[in-house]
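Chemist: Dropping in model-v6.cif, with mmCIF, C-alpha atoms.
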data_input
#
loop_
_atom_site.label_atom_id
_atom_site.label_comp_id
_atom_site.auth_asym_id
_atom_site.auth_seq_id
_atom_site.Cartn_x
_atom_site.Cartn_y
_atom_site.Cartn_z
CA MET W 1 -33.84 -14.00 13.00
CA LYS W 2 -35.53 -11.09 14.78
CA ASP W 3 -37.78 -8.62 12.95
CA LYS W 4 -35.25 -5.77 13.05
CA PHE W 5 -31.74 -7.09 12.54
CA ILE W 6 -29.15 -4.31 12.90
CA THR W 7 -25.79 -4.42 11.10
CA LEU W 8 -23.07 -1.89 11.84
CA GLY W 9 -20.71 -1.58 8.87
CA ILE W 10 -17.21 -0.10 8.78
CA GLU W 11 -15.35 1.03 5.64
CA THR W 12 -11.72 2.29 5.69
CA SER W 13 -10.24 0.87 2.47
CA CYS W 14 -8.92 4.16 1.08
CA ASP W 15 -9.46 7.80 2.05
CA GLU W 16 -12.94 7.81 3.58
CA THR W 17 -13.78 6.73 7.09
CA SER W 18 -17.37 5.53 7.10
CA VAL W 19 -19.63 3.80 9.60
CA SER W 20 -23.21 2.86 8.82
CA VAL W 21 -26.20 1.30 10.55
CA VAL W 22 -28.51 -0.75 8.30
CA GLU W 23 -31.69 -2.57 9.26
CA ASN W 24 -32.44 -5.97 7.70
CA GLY W 25 -29.74 -5.50 5.10
CA ARG W 26 -31.53 -2.83 3.06
CA LYS W 27 -32.88 0.02 5.19
CA ILE W 28 -30.23 2.66 5.91
CA LEU W 29 -30.64 4.15 9.39
CA SER W 30 -27.38 6.10 9.17
CA ASN W 31 -24.35 6.40 6.91
CA ALA W 32 -21.69 8.67 8.41
CA ILE W 33 -18.76 9.50 6.13
CA PHE W 34 -15.61 11.43 6.98
CA SER W 35 -13.75 12.47 3.81
CA GLN W 36 -9.99 13.03 3.72
CA ILE W 37 -9.91 14.86 0.38
CA LYS W 38 -8.48 18.08 1.80
CA TRP W 39 -5.47 16.18 3.18
CA HIS W 40 -4.70 14.45 -0.12
CA GLU W 41 -5.66 16.93 -2.86
CA LYS W 42 -2.42 18.89 -2.64
CA TYR W 43 -0.54 15.68 -3.48
CA GLY W 44 -2.80 14.89 -6.44
CA GLY W 45 -3.79 11.52 -4.99
CA VAL W 46 -4.12 9.45 -1.83
CA VAL W 47 -1.05 9.21 0.41
CA PRO W 48 -1.36 5.85 2.26
CA GLU W 49 0.39 6.96 5.46
CA ILE W 50 -1.79 10.05 5.78
CA ALA W 51 -4.90 7.98 5.09
CA SER W 52 -4.08 5.51 7.87
CA ARG W 53 -3.45 8.26 10.41
CA GLN W 54 -6.68 10.05 9.55
CA HIS W 55 -8.65 6.81 9.91
CA LEU W 56 -7.15 6.29 13.35
CA GLU W 57 -8.15 9.77 14.47
CA ALA W 58 -11.65 9.65 13.00
CA ILE W 59 -13.05 6.16 13.43
CA SER W 60 -14.34 6.43 17.01
CA HIS W 61 -15.99 9.79 16.32
CA VAL W 62 -17.57 8.57 13.07
CA THR W 63 -18.91 5.47 14.83
CA GLN W 64 -20.49 7.58 17.54
CA LYS W 65 -22.07 9.90 14.97
CA SER W 66 -23.49 6.94 13.06
CA LEU W 67 -25.09 5.54 16.20
CA GLU W 68 -26.52 8.94 17.10
CA ASP W 69 -27.91 9.46 13.59
CA ALA W 70 -29.56 6.03 13.76
CA GLU W 71 -30.84 6.79 17.26
CA ILE W 72 -29.50 3.54 18.69
CA ASP W 73 -26.75 2.46 21.07
CA PHE W 74 -24.13 -0.30 20.94
CA ASP W 75 -26.51 -2.78 22.61
CA SER W 76 -28.83 -2.64 19.57
CA ILE W 77 -26.16 -4.00 17.20
CA ASP W 78 -26.61 -7.60 16.02
CA LEU W 79 -23.70 -7.88 13.58
CA VAL W 80 -20.44 -6.04 12.84
CA ALA W 81 -19.32 -5.98 9.18
CA VAL W 82 -16.04 -4.52 7.96
CA THR W 83 -14.12 -4.16 4.70
CA HIS W 84 -10.98 -6.33 4.88
CA GLY W 85 -9.80 -5.91 1.28
CA PRO W 86 -8.89 -4.98 -1.33
CA GLY W 87 -7.49 -1.54 -0.56
CA LEU W 88 -4.63 0.23 1.21
CA VAL W 89 -3.51 -2.32 3.77
CA GLY W 90 -2.68 0.23 6.48
CA ALA W 91 -6.05 1.92 6.10
CA LEU W 92 -7.85 -1.44 6.07
CA LEU W 93 -6.10 -2.53 9.26
CA VAL W 94 -7.57 0.43 11.14
CA GLY W 95 -11.11 -0.63 10.29
CA VAL W 96 -10.50 -4.35 10.78
CA SER W 97 -8.85 -3.85 14.17
CA TYR W 98 -11.64 -1.54 15.36
CA ALA W 99 -14.34 -3.95 14.13
CA LYS W 100 -12.71 -6.94 15.83
CA GLY W 101 -12.45 -5.06 19.10
CA LEU W 102 -16.06 -3.92 18.86
CA ALA W 103 -17.41 -7.38 18.01
CA TYR W 104 -15.40 -8.94 20.84
CA ALA W 105 -16.54 -6.37 23.40
CA LEU W 106 -20.20 -6.63 22.35
CA LYS W 107 -20.06 -10.43 21.95
CA LYS W 108 -21.57 -10.07 18.47
CA PRO W 109 -20.69 -11.91 15.23
CA LEU W 110 -18.10 -10.41 12.88
CA ILE W 111 -18.12 -10.50 9.07
CA GLY W 112 -15.27 -9.53 6.75
CA VAL W 113 -16.53 -8.04 3.47
CA ASN W 114 -14.85 -7.70 0.10
CA HIS W 115 -14.84 -4.05 -0.97
CA ILE W 116 -15.88 -4.85 -4.56
CA GLU W 117 -18.77 -6.97 -3.30
CA GLY W 118 -19.80 -3.99 -1.19
CA HIS W 119 -19.99 -1.76 -4.27
CA ILE W 120 -22.22 -4.28 -6.03
CA PHE W 121 -24.52 -4.52 -3.01
CA ALA W 122 -24.88 -0.72 -2.86
CA ASN W 123 -27.51 -1.20 -5.56
CA PHE W 124 -29.76 -3.13 -3.17
CA LEU W 125 -30.04 -0.19 -0.78
CA GLU W 126 -32.14 1.96 -3.09
CA ASN W 127 -33.41 -0.51 -5.70
CA ASP W 128 -35.79 -3.43 -5.25
CA PHE W 129 -34.28 -6.23 -7.33
CA ALA W 130 -32.30 -9.43 -6.85
CA PRO W 131 -29.85 -11.69 -8.72
CA PRO W 132 -29.19 -12.77 -11.37
CA PHE W 133 -27.91 -9.60 -13.05
CA LEU W 134 -24.77 -8.14 -14.62
CA SER W 135 -22.69 -5.61 -12.71
CA LEU W 136 -20.14 -3.16 -14.11
CA VAL W 137 -17.83 -2.22 -11.25
CA VAL W 138 -15.82 0.91 -12.10
CA SER W 139 -13.67 2.79 -9.59
CA GLY W 140 -10.19 4.18 -9.09
CA GLY W 141 -8.74 0.72 -8.55
CA HIS W 142 -11.15 -1.63 -10.29
CA THR W 143 -12.86 -2.15 -13.62
CA HIS W 144 -14.73 -5.47 -13.60
CA LEU W 145 -17.65 -6.98 -15.49
CA ILE W 146 -19.23 -9.42 -13.06
CA TYR W 147 -22.14 -11.79 -13.59
CA VAL W 148 -23.96 -11.99 -10.26
CA LYS W 149 -25.57 -15.43 -10.29
CA ASP W 150 -26.79 -15.18 -6.70
CA TYR W 151 -25.87 -13.46 -3.44
CA GLY W 152 -22.17 -14.25 -3.02
CA ASP W 153 -21.92 -16.23 -6.28
CA TYR W 154 -19.98 -14.39 -8.99
CA GLU W 155 -18.44 -14.97 -12.40
CA LEU W 156 -15.80 -12.65 -13.83
CA MET W 157 -16.57 -11.81 -17.46
CA GLY W 158 -14.04 -9.06 -18.10
CA ARG W 159 -11.61 -6.73 -16.40
CA THR W 160 -8.96 -4.16 -17.19
CA VAL W 161 -5.58 -5.52 -18.21
CA ASP W 162 -3.81 -2.35 -17.02
CA ASP W 163 -5.22 0.92 -15.62
CA ALA W 164 -8.68 1.02 -14.07
CA ALA W 165 -11.11 3.53 -15.59
CA GLY W 166 -11.11 5.69 -12.47
CA GLU W 167 -7.32 5.69 -12.39
CA ALA W 168 -7.28 6.97 -15.97
CA PHE W 169 -9.75 9.72 -15.02
CA ASP W 170 -7.50 10.83 -12.14
CA LYS W 171 -4.34 10.86 -14.25
CA VAL W 172 -5.91 12.78 -17.12
CA ALA W 173 -7.47 15.27 -14.71
CA ARG W 174 -4.03 15.85 -13.21
CA ALA W 175 -2.51 16.37 -16.67
CA LEU W 176 -5.23 18.92 -17.49
CA GLY W 177 -4.61 20.76 -14.23
CA LEU W 178 -8.11 20.09 -12.93
CA GLY W 179 -7.09 18.72 -9.54
CA TYR W 180 -8.19 15.79 -7.37
CA PRO W 181 -10.37 13.75 -7.29
CA GLY W 182 -10.31 13.55 -11.07
CA GLY W 183 -13.54 11.74 -11.87
CA PRO W 184 -16.05 14.40 -10.81
CA LEU W 185 -13.87 17.20 -12.22
CA ILE W 186 -13.59 15.53 -15.64
CA ASP W 187 -17.36 15.00 -15.61
CA GLN W 188 -18.06 18.66 -14.81
CA THR W 189 -15.53 20.01 -17.32
CA ALA W 190 -16.65 17.68 -20.11
CA ARG W 191 -20.17 19.13 -20.01
CA LEU W 192 -18.72 22.36 -21.41
CA GLY W 193 -16.75 20.71 -24.23
CA ASN W 194 -17.19 19.07 -27.61
CA GLU W 195 -16.77 15.30 -27.25
CA LEU W 196 -16.20 14.95 -31.00
CA ALA W 197 -13.35 17.46 -31.11
CA ILE W 198 -10.54 14.90 -30.68
CA SER W 199 -10.46 11.21 -31.53
CA PHE W 200 -8.73 9.29 -28.73
CA PRO W 201 -8.17 5.55 -29.31
CA VAL W 202 -9.32 2.81 -26.95
CA ALA W 203 -8.08 -0.77 -27.18
CA HIS W 204 -10.53 -3.37 -28.49
CA PHE W 205 -10.16 -7.11 -28.01
CA LYS W 206 -11.17 -9.92 -30.34
CA ASP W 207 -14.36 -11.97 -30.38
CA GLU W 208 -15.96 -12.40 -26.94
CA ASP W 209 -12.94 -11.15 -24.98
CA LEU W 210 -14.50 -8.53 -22.70
CA SER W 211 -11.22 -7.13 -21.35
CA PHE W 212 -10.59 -3.41 -21.00
CA SER W 213 -7.42 -1.36 -21.45
CA PHE W 214 -7.17 2.30 -20.48
CA SER W 215 -3.42 2.92 -20.37
CA GLY W 216 -3.37 3.62 -24.10
CA ILE W 217 -5.95 6.39 -23.98
CA LYS W 218 -4.19 7.95 -21.02
CA SER W 219 -0.95 8.02 -23.04
CA ALA W 220 -2.82 9.36 -26.09
CA VAL W 221 -4.12 12.30 -24.06
CA LEU W 222 -0.65 13.05 -22.68
CA ASN W 223 0.86 12.84 -26.16
CA TYR W 224 -1.81 15.19 -27.52
CA LEU W 225 -1.15 17.75 -24.77
CA ASN W 226 2.62 17.58 -25.32
CA HIS W 227 2.21 17.95 -29.10
CA GLN W 228 -0.02 20.99 -28.74
CA LYS W 229 2.40 22.65 -26.34
CA GLN W 230 5.46 21.93 -28.48
CA LYS W 231 3.76 23.34 -31.58
CA GLY W 232 2.43 26.36 -29.72
CA LEU W 233 -1.14 25.30 -30.46
CA SER W 234 -4.10 25.98 -28.22
CA ILE W 235 -5.51 23.41 -25.83
CA VAL W 236 -9.23 23.53 -25.12
CA VAL W 237 -9.38 21.71 -21.80
CA GLU W 238 -13.13 21.21 -22.03
CA ASP W 239 -12.82 19.51 -25.42
CA VAL W 240 -10.00 17.24 -24.22
CA ALA W 241 -12.00 16.22 -21.15
CA ALA W 242 -15.16 15.56 -23.18
CA SER W 243 -13.35 13.59 -25.89
CA PHE W 244 -11.44 11.50 -23.35
CA GLN W 245 -14.58 10.80 -21.35
CA LYS W 246 -16.50 9.76 -24.48
CA ALA W 247 -13.84 7.23 -25.46
CA VAL W 248 -13.76 5.64 -21.98
CA VAL W 249 -17.54 5.55 -21.64
CA ASP W 250 -18.00 4.05 -25.11
CA ALA W 251 -15.63 1.20 -24.21
CA LEU W 252 -17.36 0.54 -20.90
CA VAL W 253 -20.84 0.56 -22.43
CA GLU W 254 -19.90 -1.62 -25.42
CA ASN W 255 -18.47 -4.46 -23.31
CA THR W 256 -21.21 -4.21 -20.71
CA LEU W 257 -23.97 -4.68 -23.28
CA LYS W 258 -22.07 -7.56 -24.89
CA ALA W 259 -21.78 -9.30 -21.50
CA ALA W 260 -25.47 -8.74 -20.75
CA GLU W 261 -26.40 -10.31 -24.08
CA ILE W 262 -24.11 -13.29 -23.50
CA LYS W 263 -25.69 -14.02 -20.11
CA ASN W 264 -29.20 -13.14 -21.29
CA VAL W 265 -29.88 -11.03 -18.20
CA LYS W 266 -32.52 -8.34 -17.97
CA THR W 267 -30.82 -6.10 -15.39
CA ILE W 268 -27.49 -4.24 -15.46
CA ALA W 269 -26.23 -2.63 -12.26
CA LEU W 270 -23.51 0.02 -12.14
CA ALA W 271 -21.22 0.12 -9.10
CA GLY W 272 -18.18 2.03 -7.86
CA GLY W 273 -17.08 5.65 -7.90
CA VAL W 274 -17.17 6.02 -11.69
CA ALA W 275 -20.81 4.87 -11.59
CA ALA W 276 -21.51 8.46 -10.53
CA ASN W 277 -20.33 9.72 -13.94
CA SER W 278 -23.29 11.39 -15.66
CA ARG W 279 -22.13 10.51 -19.21
CA LEU W 280 -21.79 6.81 -18.30
CA ARG W 281 -25.26 6.70 -16.74
CA GLU W 282 -26.86 8.46 -19.68
CA GLU W 283 -25.09 6.46 -22.38
CA LEU W 284 -25.63 3.05 -20.79
CA THR W 285 -29.31 3.79 -20.15
CA SER W 286 -29.76 5.07 -23.71
CA LYS W 287 -27.95 2.16 -25.41
CA ALA W 288 -29.70 -0.42 -23.21
CA GLY W 289 -33.04 0.87 -24.45
CA THR W 290 -35.88 -1.48 -23.59
CA ASP W 291 -33.68 -4.58 -23.76
CA PHE W 292 -32.16 -4.08 -20.30
CA LEU W 293 -33.13 -2.35 -17.07
CA VAL W 294 -30.19 -0.23 -15.88
CA ARG W 295 -29.80 0.30 -12.14
CA PHE W 296 -27.34 2.54 -10.33
CA PRO W 297 -26.99 3.70 -6.73
CA PRO W 298 -27.51 7.32 -5.68
CA MET W 299 -24.33 9.40 -5.82
CA ILE W 300 -23.49 9.04 -2.11
CA LEU W 301 -23.55 5.24 -2.44
CA CYS W 302 -21.30 5.16 -5.52
CA THR W 303 -18.23 6.32 -3.65
CA ASP W 304 -16.79 4.42 -0.68
CA ASN W 305 -19.32 4.13 2.15
CA ALA W 306 -20.17 1.75 4.97
CA ALA W 307 -23.85 1.25 4.09
CA MET W 308 -22.83 -1.01 1.22
CA ILE W 309 -20.58 -2.97 3.60
CA SER W 310 -23.45 -3.40 6.06
CA CYS W 311 -25.65 -4.71 3.26
CA ALA W 312 -23.05 -7.15 1.91
CA GLY W 313 -22.19 -8.30 5.45
CA TYR W 314 -25.83 -8.99 6.24
CA TYR W 315 -26.26 -11.25 3.21
CA ARG W 316 -22.98 -13.07 3.91
CA PHE W 317 -24.24 -13.71 7.44
CA LEU W 318 -27.52 -15.09 6.08
CA GLN W 319 -25.46 -17.52 3.98
CA GLY W 320 -23.79 -18.85 7.11
CA PHE W 321 -20.46 -17.04 6.90
CA GLU W 322 -18.81 -15.63 10.00
CA SER W 323 -15.29 -14.35 10.60
CA ASP W 324 -13.23 -14.93 13.71
CA MET W 325 -10.56 -12.91 15.50
CA THR W 326 -7.92 -13.98 12.98
CA LEU W 327 -9.61 -11.77 10.33
CA ASN W 328 -6.90 -9.81 8.54
CA ALA W 329 -6.60 -7.02 5.98
CA TYR W 330 -5.49 -7.72 2.41
CA ALA W 331 -4.37 -5.24 -0.22
CA ASN W 332 -5.57 -7.73 -2.84
CA LEU W 333 -8.63 -9.85 -2.17
CA ASN W 334 -10.39 -12.06 -4.70
CA ILE W 335 -14.15 -11.60 -4.85
CA PHE W 336 -14.45 -14.95 -6.63
CA SER W 337 -13.54 -16.93 -3.51
CA ASN W 338 -15.45 -17.13 -0.24
CA ASN W 339 -12.61 -15.79 1.92
#
Could you express the structure from this file as structure tokens?

Modeler:
Amino acid sequence: MKDKFITLGIETSCDETSVSVVENGRKILSNAIFSQIKWHEKYGGVVPEIASRQHLEAISHVTQKSLEDAEIDFDSIDLVAVTHGPGLVGALLVGVSYAKGLAYALKKPLIGVNHIEGHIFANFLENDFAPPFLSLVVSGGHTHLIYVKDYGDYELMGRTVDDAAGEAFDKVARALGLGYPGGPLIDQTARLGNELAISFPVAHFKDEDLSFSFSGIKSAVLNYLNHQKQKGLSIVVEDVAASFQKAVVDALVENTLKAAEIKNVKTIALAGGVAANSRLREELTSKAGTDFLVRFPPMILCTDNAAMISCAGYYRFLQGFESDMTLNAYANLNIFSNN
């Protein structure tokens, strides 16, 4: 392989159109991101049809910006990597179709990347470490505890049995009238509140079952708000946000440390949009102490971005994987297979 191997990554799994250029799998040359938040916030969440249309309109422009930022042209690209699941299938199809056309026109190899794998690999772009390690993947659609044995070799240790943590954040933020996206708004509001003001329950599982459940706490918050309103009692939004956030973070941290102990790893890596939560970062780092080294990506690499897809695609290519023109988009895609 040549000294400077260039991967162009494409990410369109939800509501961000992103194209990135990464050198040798770890050096980001560009990471252009076009956010659709202003089109979705008035609906309180992502509207799939709107997301697909915005991706269609933006992808060529975002690709050109990424190339310009990296100061390269199409001829410099050695590999095209693209998210092909899981996510909104219409949005994914925009990226997959564009990537296939680009790879075909440039006569370059194509790699389909699992979105969750991309989030895990975001850690490699700013941190110098390697497997094995434990990864907590927390986003709007996913809450997974994954033991990363090696590049591309994963073991599921725990996951949510209902709502993902990020989904719970969004729904509670909506109930509190904070807006969308909920995660950052809950985080900001909680800093002004008392996290011990209200005791919200979180489900716990027996023995070494590392499952999560966040539907119960979401319902508990809604029930609390309805009770206060019916009784004419005051609602301190900051206290509700802080107490809710504490309960979710405590559950995430508890299971993560249990999993790290079971696998006897020394490194824990956060991944996904909720990895940007300040309370989660602080609590996990504090509770890990000197027993574990906690890694997390910079804020821009926690949310959906193409740099993480470039990185994951590069390592898949090194392992001998390559996709062909039958590559398709999947709303659900298992990270624990080599598809």

Chemist: Could you give me the centre and size, in Å to one decimal, of an axis-aligned box around all listed atoms of range 294-304 of chain W with 6 Å added on every side, as JSON?

Modeler:
{"center_x": -23.5, "center_y": 4.6, "center_z": -8.3, "size_x": 25.4, "size_y": 21.6, "size_z": 27.2}

Chemist: Just want the 8 Å neighbourhood of Val202 in chain W, counted on only C-alpha atoms, with same-chain residues fewer than 4 positions away dropped. Output as a list in words.

Modeler: Ser213, Phe214, Gly216, Ile217, Ala247, Val248 and Ala251 of chain W

Chemist: Between W:Lys266, W:Phe169, W:Asn305, W:Val253, which is the closest to Lys287 in chain W once you count all atoms listed in the file?

Modeler: W:Val253

Chemist: Can you translate the PyMOL selection byres ((chain W and resi 270) around 7) into the concrete residues it hits in this file, as a PyMOL selection string?

Modeler: chain W and resi 135-137+268-269+271+275+295-296

Chemist: Could you tell me which residues the PyMOL selection byres ((chain W and resi 331) around 9) returns for this structure, as a PyMOL selection string?

Modeler: chain W and resi 13+84-90+92+329-330+332-333
